[in-house]
$ cat protein28.cif   # mmCIF, C-alpha atoms and all ligand atoms
data_data
#
loop_
_atom_site.label_atom_id
_atom_site.label_comp_id
_atom_site.auth_asym_id
_atom_site.auth_seq_id
_atom_site.Cartn_x
_atom_site.Cartn_y
_atom_site.Cartn_z
CA MET A 274 -13.72 -1.46 -18.87
CA ARG A 275 -15.59 0.43 -16.16
CA SER A 276 -13.24 2.97 -14.59
CA LEU A 277 -11.06 5.57 -16.21
CA ARG A 278 -8.48 7.79 -14.53
CA LEU A 279 -7.89 10.89 -16.57
CA SER A 280 -4.77 12.90 -15.80
CA LEU A 281 -5.24 16.58 -16.57
CA THR A 282 -1.68 17.74 -16.06
CA ASP A 283 1.67 16.27 -15.08
CA ARG A 284 2.55 19.46 -13.15
CA CYS A 285 2.28 19.57 -9.38
CA ASN A 286 2.58 22.18 -6.64
CA LEU A 287 3.96 19.60 -4.17
CA ARG A 288 6.96 17.29 -4.33
CA CYS A 289 5.96 14.25 -2.27
CA SER A 290 9.10 12.19 -1.82
CA TYR A 291 7.33 8.90 -2.66
CA CYS A 292 6.17 10.35 -5.97
CA MET A 293 8.48 13.20 -7.05
CA PRO A 294 11.73 12.93 -5.12
CA ARG A 295 13.99 14.93 -7.44
CA ALA A 296 14.49 18.66 -7.82
CA HIS A 297 14.03 18.86 -11.59
CA TYR A 298 11.64 17.18 -13.98
CA CYS A 299 11.11 16.86 -17.73
CA TRP A 300 7.56 18.09 -18.16
CA LEU A 301 5.28 17.10 -20.99
CA PRO A 302 5.25 19.79 -23.70
CA LYS A 303 2.26 22.11 -23.15
CA GLN A 304 1.08 21.74 -26.75
CA ASP A 305 0.81 17.98 -26.23
CA LEU A 306 -1.75 18.24 -23.42
CA LEU A 307 -5.23 17.27 -24.55
CA ASP A 308 -7.56 20.25 -24.79
CA PHE A 309 -11.11 20.27 -23.43
CA GLU A 310 -12.65 19.20 -26.71
CA GLU A 311 -10.24 16.27 -27.03
CA LEU A 312 -10.87 15.22 -23.43
CA GLU A 313 -14.60 15.37 -23.98
CA ARG A 314 -14.37 13.24 -27.14
CA LEU A 315 -12.27 10.65 -25.37
CA VAL A 316 -14.62 10.46 -22.41
CA ALA A 317 -17.55 10.03 -24.80
CA ALA A 318 -15.75 7.15 -26.55
CA PHE A 319 -14.90 5.46 -23.26
CA THR A 320 -18.38 5.83 -21.82
CA ALA A 321 -19.87 4.40 -25.03
CA LEU A 322 -17.80 1.26 -24.33
CA GLY A 323 -18.84 0.82 -20.72
CA VAL A 324 -16.85 3.27 -18.60
CA SER A 325 -19.16 4.68 -15.96
CA ARG A 326 -16.67 5.89 -13.37
CA LEU A 327 -14.34 8.74 -14.18
CA ARG A 328 -11.66 10.09 -11.87
CA LEU A 329 -9.76 13.29 -12.64
CA THR A 330 -6.20 13.28 -11.41
CA GLY A 331 -2.70 14.50 -12.21
CA GLY A 332 -0.06 15.77 -11.25
CA GLU A 333 -2.27 18.14 -9.42
CA PRO A 334 -5.57 18.44 -11.33
CA LEU A 335 -6.53 21.71 -9.64
CA LEU A 336 -3.64 23.35 -11.48
CA ARG A 337 -5.49 22.80 -14.75
CA ARG A 338 -6.90 26.12 -15.84
CA ARG A 339 -10.70 26.44 -15.93
CA LEU A 340 -11.15 23.03 -14.33
CA PRO A 341 -14.79 23.65 -13.29
CA ALA A 342 -15.64 24.42 -16.93
CA LEU A 343 -14.04 21.14 -17.99
CA VAL A 344 -15.92 19.25 -15.28
CA ALA A 345 -19.20 20.76 -16.46
CA ARG A 346 -18.47 19.53 -20.00
CA LEU A 347 -17.53 16.03 -18.86
CA HIS A 348 -20.57 15.92 -16.60
CA GLY A 349 -22.63 15.71 -19.80
CA ALA A 350 -21.35 12.15 -20.34
CA PRO A 351 -23.38 9.23 -18.97
CA LEU A 352 -21.36 8.67 -15.80
CA GLU A 353 -22.33 7.13 -12.49
CA ASP A 354 -19.45 8.81 -10.85
CA LEU A 355 -17.29 11.86 -11.51
CA ALA A 356 -14.51 11.89 -8.93
CA LEU A 357 -11.41 13.93 -8.27
CA THR A 358 -8.12 13.14 -6.53
CA THR A 359 -6.26 16.19 -5.30
CA ASN A 360 -3.53 17.18 -2.88
CA GLY A 361 -5.99 19.74 -1.51
CA VAL A 362 -3.74 22.81 -1.67
CA LEU A 363 -6.10 24.69 -3.98
CA LEU A 364 -9.30 22.99 -2.87
CA GLN A 365 -10.63 25.66 -0.55
CA ASP A 366 -10.91 28.09 -3.47
CA GLN A 367 -12.28 25.62 -6.00
CA ALA A 368 -14.40 23.11 -4.08
CA GLU A 369 -17.69 24.96 -4.48
CA ALA A 370 -17.33 25.47 -8.23
CA LEU A 371 -16.18 21.89 -8.76
CA ILE A 372 -19.09 20.39 -6.85
CA ALA A 373 -21.53 22.70 -8.63
CA ALA A 374 -20.04 21.60 -11.96
CA GLY A 375 -20.66 17.92 -11.20
CA VAL A 376 -17.86 16.41 -9.09
CA ASN A 377 -19.60 14.04 -6.68
CA ARG A 378 -16.64 12.41 -4.95
CA ILE A 379 -13.45 14.06 -3.75
CA THR A 380 -10.37 12.25 -2.48
CA VAL A 381 -7.71 14.38 -0.82
CA SER A 382 -4.24 13.03 -0.16
CA LEU A 383 -3.36 13.57 3.47
CA ASP A 384 -0.47 11.53 4.85
CA THR A 385 0.19 13.42 8.04
CA LEU A 386 -1.42 15.81 10.51
CA GLN A 387 1.94 17.21 11.52
CA PRO A 388 3.04 20.34 9.65
CA ALA A 389 6.76 19.58 10.08
CA ARG A 390 6.31 16.11 8.58
CA PHE A 391 4.23 17.54 5.76
CA ARG A 392 7.07 19.98 5.01
CA SER A 393 9.65 17.24 4.88
CA LEU A 394 7.42 14.95 2.77
CA THR A 395 6.16 17.49 0.24
CA ARG A 396 8.77 20.28 0.39
CA SER A 397 5.90 22.72 0.89
CA GLN A 398 4.52 24.82 3.72
CA GLU A 399 0.89 24.41 2.70
CA HIS A 400 -0.30 21.92 5.31
CA ALA A 401 -2.82 24.29 6.92
CA ARG A 402 -4.18 25.13 3.47
CA VAL A 403 -4.73 21.43 2.71
CA LEU A 404 -6.70 21.04 5.94
CA ARG A 405 -8.77 24.11 5.06
CA GLY A 406 -9.44 22.58 1.64
CA ILE A 407 -10.65 19.33 3.21
CA GLU A 408 -12.85 21.18 5.64
CA ALA A 409 -14.29 23.36 2.86
CA ALA A 410 -15.22 20.28 0.81
CA ALA A 411 -16.77 18.68 3.91
CA SER A 412 -18.81 21.76 4.73
CA LEU A 413 -20.16 21.92 1.18
CA GLY A 414 -21.58 18.44 1.59
CA VAL A 415 -19.85 16.67 -1.32
CA SER A 416 -21.50 13.26 -1.45
CA GLU A 417 -18.31 11.38 -0.69
CA LEU A 418 -15.10 12.71 0.81
CA LYS A 419 -12.08 10.47 1.31
CA LEU A 420 -8.59 10.98 2.64
CA ASN A 421 -5.76 8.96 1.07
CA ALA A 422 -2.81 8.24 3.34
CA VAL A 423 0.22 6.38 1.99
CA VAL A 424 1.69 4.63 5.02
CA VAL A 425 5.49 4.73 5.08
CA ARG A 426 7.42 3.06 7.85
CA GLY A 427 9.31 5.50 10.04
CA PHE A 428 7.43 8.45 8.58
CA ASN A 429 3.71 8.37 9.41
CA ASP A 430 3.00 4.85 10.68
CA ASP A 431 2.48 6.26 14.18
CA GLU A 432 -0.39 8.47 12.93
CA LEU A 433 -2.95 5.86 11.90
CA GLU A 434 -5.25 6.56 14.85
CA ASP A 435 -4.83 10.35 14.57
CA LEU A 436 -5.72 10.24 10.88
CA LEU A 437 -8.82 8.17 11.65
CA ALA A 438 -9.85 10.62 14.36
CA TYR A 439 -9.38 13.56 12.00
CA GLY A 440 -11.38 11.76 9.29
CA ALA A 441 -14.22 11.17 11.75
CA GLU A 442 -14.11 14.81 12.85
CA VAL A 443 -14.52 16.16 9.31
CA GLY A 444 -16.77 13.37 8.01
CA ALA A 445 -14.25 11.81 5.62
CA GLU A 446 -13.29 8.14 5.31
CA VAL A 447 -9.57 7.46 5.49
CA ARG A 448 -7.98 5.01 3.07
CA PHE A 449 -4.61 3.65 4.09
CA ILE A 450 -2.53 2.83 1.03
CA GLU A 451 0.49 0.56 0.98
CA TYR A 452 3.60 2.32 -0.25
CA MET A 453 4.04 1.31 -3.90
CA ASP A 454 7.19 0.99 -5.94
CA VAL A 455 5.79 2.82 -8.97
CA GLY A 456 7.11 5.69 -11.07
CA GLY A 457 9.11 8.17 -9.07
CA ALA A 458 9.25 6.03 -5.92
CA THR A 459 12.99 5.66 -6.39
CA GLN A 460 13.54 5.62 -2.62
CA TRP A 461 11.13 2.72 -2.19
CA SER A 462 12.31 -0.30 -0.27
CA ARG A 463 10.42 -3.31 0.95
CA ASP A 464 11.16 -2.58 4.60
CA ARG A 465 9.48 0.84 4.37
CA VAL A 466 6.19 -0.77 3.27
CA VAL A 467 3.76 -1.15 6.15
CA SER A 468 1.60 -4.03 4.98
CA GLY A 469 -2.17 -3.97 5.25
CA ALA A 470 -1.94 -6.89 7.66
CA GLU A 471 0.33 -4.86 9.91
CA ILE A 472 -1.96 -1.83 9.72
CA LEU A 473 -4.92 -3.97 10.81
CA ALA A 474 -2.93 -5.53 13.65
CA ARG A 475 -1.81 -2.12 14.91
CA LEU A 476 -5.31 -0.69 14.86
CA GLU A 477 -6.66 -3.74 16.61
CA THR A 478 -4.11 -3.29 19.38
CA SER A 479 -4.78 0.40 19.83
CA LEU A 480 -8.51 0.73 19.08
CA GLY A 481 -10.02 -2.73 19.56
CA PRO A 482 -11.63 -5.26 17.20
CA VAL A 483 -11.38 -4.46 13.49
CA ARG A 484 -14.31 -5.82 11.48
CA PRO A 485 -14.20 -6.44 7.71
CA MET A 486 -16.97 -4.79 5.71
CA GLY A 487 -15.92 -6.09 2.27
CA ARG A 488 -15.65 -3.97 -0.86
CA THR A 489 -18.18 -1.42 -2.07
CA ARG A 490 -18.06 -3.20 -5.46
CA PRO A 491 -16.03 -6.19 -6.73
CA SER A 492 -13.42 -4.07 -8.53
CA ALA A 493 -12.96 -1.51 -5.73
CA THR A 494 -9.31 -1.02 -4.79
CA ALA A 495 -10.05 -0.72 -1.07
CA LEU A 496 -11.23 -3.32 1.40
CA ARG A 497 -13.33 -1.58 4.03
CA TYR A 498 -13.25 -2.12 7.77
CA SER A 499 -14.82 -0.72 10.87
CA VAL A 500 -13.02 -0.08 14.12
CA ALA A 501 -14.39 1.64 17.21
CA GLU A 502 -16.52 4.51 15.82
CA SER A 503 -14.75 4.70 12.44
CA THR A 504 -14.77 2.99 9.09
CA PHE A 505 -11.71 3.01 6.88
CA GLY A 506 -10.37 1.54 3.65
CA LEU A 507 -7.20 -0.41 3.04
CA VAL A 508 -5.52 -0.53 -0.36
CA ARG A 509 -3.13 -3.48 -0.35
CA SER A 510 -1.72 -2.88 -3.80
CA THR A 511 1.84 -3.84 -2.85
CA THR A 512 1.42 -6.97 -0.72
CA ALA A 513 -1.95 -8.27 -1.97
CA PRO A 514 -2.58 -6.93 -5.49
CA PHE A 515 -6.01 -7.23 -7.06
CA CYS A 516 -5.19 -7.35 -10.79
CA ALA A 517 -7.79 -10.02 -11.53
CA ASP A 518 -10.61 -7.67 -10.53
CA CYS A 519 -9.14 -4.51 -12.04
CA ASP A 520 -11.39 -2.66 -14.49
CA ARG A 521 -9.32 0.53 -14.59
CA SER A 522 -7.26 2.19 -17.22
CA ARG A 523 -5.53 5.54 -17.37
CA VAL A 524 -4.99 8.33 -19.82
CA THR A 525 -2.06 10.67 -19.32
CA ALA A 526 -2.49 14.40 -19.82
CA ASP A 527 -0.99 14.06 -23.32
CA GLY A 528 -3.25 11.19 -24.30
CA GLN A 529 -1.24 8.01 -23.69
CA TRP A 530 -3.65 5.24 -22.75
CA LEU A 531 -2.23 2.84 -20.15
CA HIS A 532 -3.85 -0.47 -19.30
CA CYS A 533 -2.02 -0.78 -16.00
CA LEU A 534 -0.29 1.46 -13.47
CA TYR A 535 2.86 -0.55 -14.21
CA ALA A 536 2.49 -0.50 -18.00
CA SER A 537 5.76 0.27 -19.76
CA ARG A 538 4.06 1.72 -22.79
CA GLY A 539 0.74 3.26 -23.68
CA LEU A 540 -1.28 3.75 -26.83
CA ASP A 541 -1.06 7.24 -28.29
CA LEU A 542 -4.67 8.45 -28.38
CA ARG A 543 -3.58 12.05 -28.98
CA ARG A 544 -2.18 11.01 -32.36
CA GLU A 545 -5.48 9.39 -33.24
CA LEU A 546 -7.47 12.45 -32.19
CA ARG A 547 -5.19 14.84 -34.04
CA ARG A 548 -5.01 12.79 -37.23
CA GLY A 549 -8.79 13.19 -37.42
CA ALA A 550 -10.03 9.76 -36.30
CA SER A 551 -13.82 9.62 -36.23
CA ASP A 552 -15.73 8.71 -33.07
CA ALA A 553 -16.47 5.28 -34.53
CA GLU A 554 -12.76 4.73 -35.29
CA LEU A 555 -11.82 5.76 -31.78
CA ARG A 556 -14.31 3.37 -30.26
CA ALA A 557 -13.15 0.52 -32.50
CA LEU A 558 -9.53 1.13 -31.51
CA LEU A 559 -10.30 1.24 -27.78
CA SER A 560 -12.42 -1.86 -28.01
CA ARG A 561 -9.82 -3.85 -29.98
CA GLU A 562 -6.95 -2.88 -27.67
CA TRP A 563 -8.93 -3.53 -24.50
CA SER A 564 -9.88 -7.00 -25.67
CA ARG A 565 -6.14 -7.78 -25.88
CA ARG A 566 -5.43 -6.50 -22.39
CA ASP A 567 -3.50 -8.90 -20.19
CA ALA A 568 -2.26 -6.43 -17.56
CA ARG A 569 -1.32 -7.77 -14.15
CA GLY A 570 1.61 -5.50 -13.31
CA ALA A 571 1.16 -5.36 -9.53
CA GLU A 572 0.91 -9.16 -9.28
CA GLU A 573 4.09 -9.55 -11.33
CA ARG A 574 5.89 -7.07 -9.10
CA ALA A 575 4.66 -8.85 -5.97
CA ALA A 576 6.03 -12.15 -7.30
CA GLU A 577 9.57 -10.77 -7.61
CA ALA A 578 11.89 -12.21 -5.00
CA GLU A 579 14.33 -9.26 -4.92
CA ARG A 580 12.03 -6.29 -5.20
CA GLU A 581 13.82 -3.02 -5.97
CA PRO A 582 12.36 0.35 -7.09
CA TRP A 583 10.60 -0.18 -10.41
CA ARG A 584 12.72 2.24 -12.46
CA GLY A 585 15.91 4.17 -11.87
CA GLU A 586 16.25 7.95 -12.07
CA ASP A 587 17.96 8.00 -15.45
CA GLU A 588 15.22 5.99 -17.08
CA LEU A 589 12.52 8.16 -15.50
CA ARG A 590 14.26 11.27 -16.76
CA ALA A 591 14.41 9.84 -20.26
CA ARG A 592 10.83 8.49 -20.19
CA PRO A 593 8.56 10.85 -18.20
CA HIS A 594 5.52 8.71 -19.02
CA LEU A 595 6.78 6.19 -16.49
CA GLU A 596 6.38 8.74 -13.67
CA MET A 597 3.53 8.33 -11.17
CA HIS A 598 2.75 12.04 -11.41
CA THR A 599 2.36 11.64 -15.20
CA ARG A 600 0.18 8.54 -15.06
CA GLY A 601 -2.07 9.87 -12.32
CA GLY A 602 -1.68 7.39 -9.48
N1 LIG A 701 -1.73 15.19 -6.86
C1 LIG A 701 -2.91 14.48 -6.53
C2 LIG A 701 -2.80 13.84 -5.15
O1 LIG A 701 -1.70 13.78 -4.62
O2 LIG A 701 -3.83 13.43 -4.63
C3 LIG A 701 -3.30 13.43 -7.56
C4 LIG A 701 -2.19 12.63 -8.19
S1 LIG A 701 -1.33 11.52 -7.07
C5 LIG A 701 -0.15 10.78 -8.17
C6 LIG A 701 -2.57 10.26 -6.82
C7 LIG A 701 -2.37 9.38 -5.62
O3 LIG A 701 -1.21 8.59 -5.79
C8 LIG A 701 -2.16 10.14 -4.31
O4 LIG A 701 -3.13 9.75 -3.36
C9 LIG A 701 -0.78 9.72 -3.86
O5 LIG A 701 -0.66 9.64 -2.47
C10 LIG A 701 -0.64 8.37 -4.53
N2 LIG A 701 0.76 7.95 -4.66
C11 LIG A 701 1.77 8.60 -5.25
N3 LIG A 701 2.92 7.90 -5.14
C12 LIG A 701 2.63 6.77 -4.45
C13 LIG A 701 3.38 5.64 -4.03
N4 LIG A 701 4.69 5.53 -4.25
N5 LIG A 701 2.74 4.66 -3.34
C14 LIG A 701 1.40 4.75 -3.09
N6 LIG A 701 0.64 5.78 -3.49
C15 LIG A 701 1.24 6.79 -4.15
FE1 LIG A 702 2.27 14.50 -4.23
FE2 LIG A 702 0.15 14.09 -5.86
FE3 LIG A 702 2.01 15.87 -6.47
FE4 LIG A 702 2.63 13.28 -6.56
S1 LIG A 702 1.19 14.31 -7.88
S2 LIG A 702 3.89 14.97 -5.73
S3 LIG A 702 1.40 12.52 -4.87
S4 LIG A 702 0.69 15.93 -4.68
#

$ encode --input "protein28.cif" --output "structure tokens"
Amino acid sequence: MRSLRLSLTDRCNLRCSYCMPRAHYCWLPKQDLLDFEELERLVAAFTALGVSRLRLTGGEPLLRRRLPALVARLHGAPLEDLALTTNGVLLQDQAEALIAAGVNRITVSLDTLQPARFRSLTRSQEHARVLRGIEAAASLGVSELKLNAVVVRGFNDDELEDLLAYGAEVGAEVRFIEYMDVGGATQWSRDRVVSGAEILARLETSLGPVRPMGRTRPSATALRYSVAESTFGLVRSTTAPFCADCDRSRVTADGQWLHCLYASRGLDLRRELRRGASDAELRALLSREWSRRDARGAEERAAEAEREPWRGEDELRARPHLEMHTRGG
């Protein structure tokens, strides 16, 4: 147990079609969202058990009110790393305060450099604002800035080189992510996945030799490579899952603890917090449950011969905790 992804809200100001393809959603009740004190207690319990890397996510985490104040509180925990994944729309306004409060790594999702494609993917006009957010974070000198690009065949697979060039221009490393069949990816199909192997082959053809650089640590999701003047990461979660090395778990904004991105059910930590569990009881519960963990969801999915979207729309509507935007990606 080393990495924790903490979702701060299930709400989002974009509607990326691989994550939130529908028009209407069942949102988590506001009173169920963990408050700052509850989040701080949870993070303390997790760090006491070995978590040293915390990533704030969502939904869109920058929609969470007073986020810099929350970051400052969480920054008090003994963490090696306090990271944030954002769609970047609100980053220009918040980057400075977030970095000052203790965020040391920012990952911005950027799938396309073309405003028209961005509009069709996200149903939003905010492409220029996302780029301004990225550039603001870069100019403030955040210690690590990454750009996440989900590669979808027929949508952005002709932009790999352009995304690398943009990353180099702003000083951010691009991570190409295989399109996953999780949560709201109800339009997922195998033929729209551009495999990591194909991404490498394409870049080798267009830019020259691609050299493996390994992982930054054994449990890192991305394999890193260099090509021409750039380095980039590749997350092969669909075609070459890495469950055996996974040290991550997730907490939804309402306190469900998930041992795997594909977990069907989580453990209700909000109930424990609100029934008055002591810190020692919380730690004992986390420790007991983690020792029983046998999650290998992505490997099980990869082994399926007829791979369809993970869940249908009706089930997602009835069980919002299965949504990618609820579990935090
Ligand atoms: N809203 C923030 C953002 O977009 O960066 C944080 C939450 S989002 C769920 C976290 C990450 O999950 C994003 O980088 C997004 O691209 C990725 N993601 C969502 N759906 C995906 C899918 N079907 N396959 C691969 N990655 C996906
Ligand atoms: Fe897009 Fe992130 Fe919002 Fe999902 S949660 S719709 S990936 S911006």

$ closest_atom_pairs --input "protein28.cif" --of "chain A" --to "ligand LIG 701 (chain A)" --cutoff "8 Å" --atoms "only C-alpha atoms and all ligand atoms" --output "JSON lines"
{"residue": "A:Cys285", "atom": "CA", "partner": "A:LIG701", "partner_atom": "N1", "distance": 6.5}
{"residue": "A:Leu287", "atom": "CA", "partner": "A:LIG701", "partner_atom": "N1", "distance": 7.7}
{"residue": "A:Cys289", "atom": "CA", "partner": "A:LIG701", "partner_atom": "N3", "distance": 7.6}
{"residue": "A:Tyr291", "atom": "CA", "partner": "A:LIG701", "partner_atom": "N4", "distance": 4.6}
{"residue": "A:Cys292", "atom": "CA", "partner": "A:LIG701", "partner_atom": "N3", "distance": 4.2}
{"residue": "A:Met293", "atom": "CA", "partner": "A:LIG701", "partner_atom": "N3", "distance": 7.9}
{"residue": "A:Thr330", "atom": "CA", "partner": "A:LIG701", "partner_atom": "C3", "distance": 4.8}
{"residue": "A:Gly331", "atom": "CA", "partner": "A:LIG701", "partner_atom": "C4", "distance": 4.5}
{"residue": "A:Gly332", "atom": "CA", "partner": "A:LIG701", "partner_atom": "N1", "distance": 4.7}
{"residue": "A:Glu333", "atom": "CA", "partner": "A:LIG701", "partner_atom": "N1", "distance": 3.9}
{"residue": "A:Pro334", "atom": "CA", "partner": "A:LIG701", "partner_atom": "C3", "distance": 6.7}
{"residue": "A:Thr358", "atom": "CA", "partner": "A:LIG701", "partner_atom": "O2", "distance": 4.7}
{"residue": "A:Thr359", "atom": "CA", "partner": "A:LIG701", "partner_atom": "O2", "distance": 3.7}
{"residue": "A:Asn360", "atom": "CA", "partner": "A:LIG701", "partner_atom": "C2", "distance": 4.1}
{"residue": "A:Gly361", "atom": "CA", "partner": "A:LIG701", "partner_atom": "O2", "distance": 7.4}
{"residue": "A:Thr380", "atom": "CA", "partner": "A:LIG701", "partner_atom": "O2", "distance": 7.0}
{"residue": "A:Val381", "atom": "CA", "partner": "A:LIG701", "partner_atom": "O2", "distance": 5.5}
{"residue": "A:Ser382", "atom": "CA", "partner": "A:LIG701", "partner_atom": "O2", "distance": 4.5}
{"residue": "A:Leu383", "atom": "CA", "partner": "A:LIG701", "partner_atom": "O5", "distance": 7.6}
{"residue": "A:Asp384", "atom": "CA", "partner": "A:LIG701", "partner_atom": "O5", "distance": 7.6}
{"residue": "A:Asn421", "atom": "CA", "partner": "A:LIG701", "partner_atom": "O4", "distance": 5.2}
{"residue": "A:Ala422", "atom": "CA", "partner": "A:LIG701", "partner_atom": "O5", "distance": 6.4}
{"residue": "A:Val423", "atom": "CA", "partner": "A:LIG701", "partner_atom": "C14", "distance": 5.5}
{"residue": "A:Ile450", "atom": "CA", "partner": "A:LIG701", "partner_atom": "C14", "distance": 6.0}
{"residue": "A:Glu451", "atom": "CA", "partner": "A:LIG701", "partner_atom": "C14", "distance": 5.9}
{"residue": "A:Tyr452", "atom": "CA", "partner": "A:LIG701", "partner_atom": "N5", "distance": 4.0}
{"residue": "A:Met453", "atom": "CA", "partner": "A:LIG701", "partner_atom": "N5", "distance": 3.6}
{"residue": "A:Asp454", "atom": "CA", "partner": "A:LIG701", "partner_atom": "N4", "distance": 5.5}
{"residue": "A:Val455", "atom": "CA", "partner": "A:LIG701", "partner_atom": "N4", "distance": 5.6}
{"residue": "A:Gly456", "atom": "CA", "partner": "A:LIG701", "partner_atom": "N4", "distance": 7.2}
{"residue": "A:Gly457", "atom": "CA", "partner": "A:LIG701", "partner_atom": "N4", "distance": 7.1}
{"residue": "A:Ala458", "atom": "CA", "partner": "A:LIG701", "partner_atom": "N4", "distance": 4.9}
{"residue": "A:Trp461", "atom": "CA", "partner": "A:LIG701", "partner_atom": "N4", "distance": 7.3}
{"residue": "A:Met597", "atom": "CA", "partner": "A:LIG701", "partner_atom": "C5", "distance": 5.3}
{"residue": "A:His598", "atom": "CA", "partner": "A:LIG701", "partner_atom": "C5", "distance": 4.5}
{"residue": "A:Thr599", "atom": "CA", "partner": "A:LIG701", "partner_atom": "C5", "distance": 7.5}
{"residue": "A:Arg600", "atom": "CA", "partner": "A:LIG701", "partner_atom": "C5", "distance": 7.3}
{"residue": "A:Gly601", "atom": "CA", "partner": "A:LIG701", "partner_atom": "C5", "distance": 4.7}
{"residue": "A:Gly602", "atom": "CA", "partner": "A:LIG701", "partner_atom": "O3", "distance": 3.9}

$ closest_residue --input "protein28.cif" --among "A:Val467, A:Val508, A:Leu335, A:Leu279" --to "Glu311 in chain A" --atoms "all atoms listed in the file"
A:Leu279

$ residues_around --input "protein28.cif" --residues "Arg278 in chain A" --least-positions-apart "3" --cutoff "7 Å" --atoms "only C-alpha atoms" --output "MDAnalysis selection string"
chainID A and resid 327:330 522:524

$ write_last_selection --input "protein28.cif" --atoms "C-alpha atoms" --output "mmCIF file, in the frame of the given file"
data_model
loop_
_atom_site.group_PDB
_atom_site.id
_atom_site.type_symbol
_atom_site.label_atom_id
_atom_site.label_comp_id
_atom_site.auth_asym_id
_atom_site.auth_seq_id
_atom_site.Cartn_x
_atom_site.Cartn_y
_atom_site.Cartn_z
ATOM 1 C CA LEU A 327 -14.340 8.740 -14.180
ATOM 2 C CA ARG A 328 -11.660 10.090 -11.870
ATOM 3 C CA LEU A 329 -9.760 13.290 -12.640
ATOM 4 C CA THR A 330 -6.200 13.280 -11.410
ATOM 5 C CA SER A 522 -7.260 2.190 -17.220
ATOM 6 C CA ARG A 523 -5.530 5.540 -17.370
ATOM 7 C CA VAL A 524 -4.990 8.330 -19.820
#

$ closest_residue --input "protein28.cif" --among "A:Arg396, A:Ala370, A:Arg543, A:Glu408" --to "Glu310 in chain A" --atoms "all atoms listed in the file"
A:Arg543

$ axis_aligned_box --input "protein28.cif" --around "range 393-399 of chain A" --padding-each-side "8 Å" --output "lines of an AutoDock Vina configuration file"
center_x = 5.3
center_y = 19.9
center_z = 2.6
size_x = 24.8
size_y = 25.9
size_z = 20.6

$ closest_residue --input "protein28.cif" --among "A:Leu420, A:Glu596, A:Ala578, A:His348" --to "ligand LIG 702 (chain A)" --atoms "only C-alpha atoms and all ligand atoms"
A:Glu596

$ atom_distance --input "protein28.cif" --atom1 "CA of Gly375 in chain A" --atom2 "CA of Val344 in chain A"
6.4 Å

$ closest_residue --input "protein28.cif" --among "A:Thr494, A:Gln365, A:Thr489, A:Ser397" --to "ligand LIG 702 (chain A)" --atoms "all atoms listed in the file"
A:Ser397

$ closest_residue --input "protein28.cif" --among "A:Arg574, A:Arg538, A:Arg288, A:Arg561" --to "Thr512 in chain A" --atoms "all atoms listed in the file"
A:Arg574

$ closest_residue --input "protein28.cif" --among "A:Leu413, A:Leu357, A:Leu322, A:Ala317" --to "ligand LIG 702 (chain A)" --atoms "all atoms listed in the file"
A:Leu357

$ atom_distance --input "protein28.cif" --atom1 "CA of Glu581 in chain A" --atom2 "CA of Ala495 in chain A"
24.5 Å
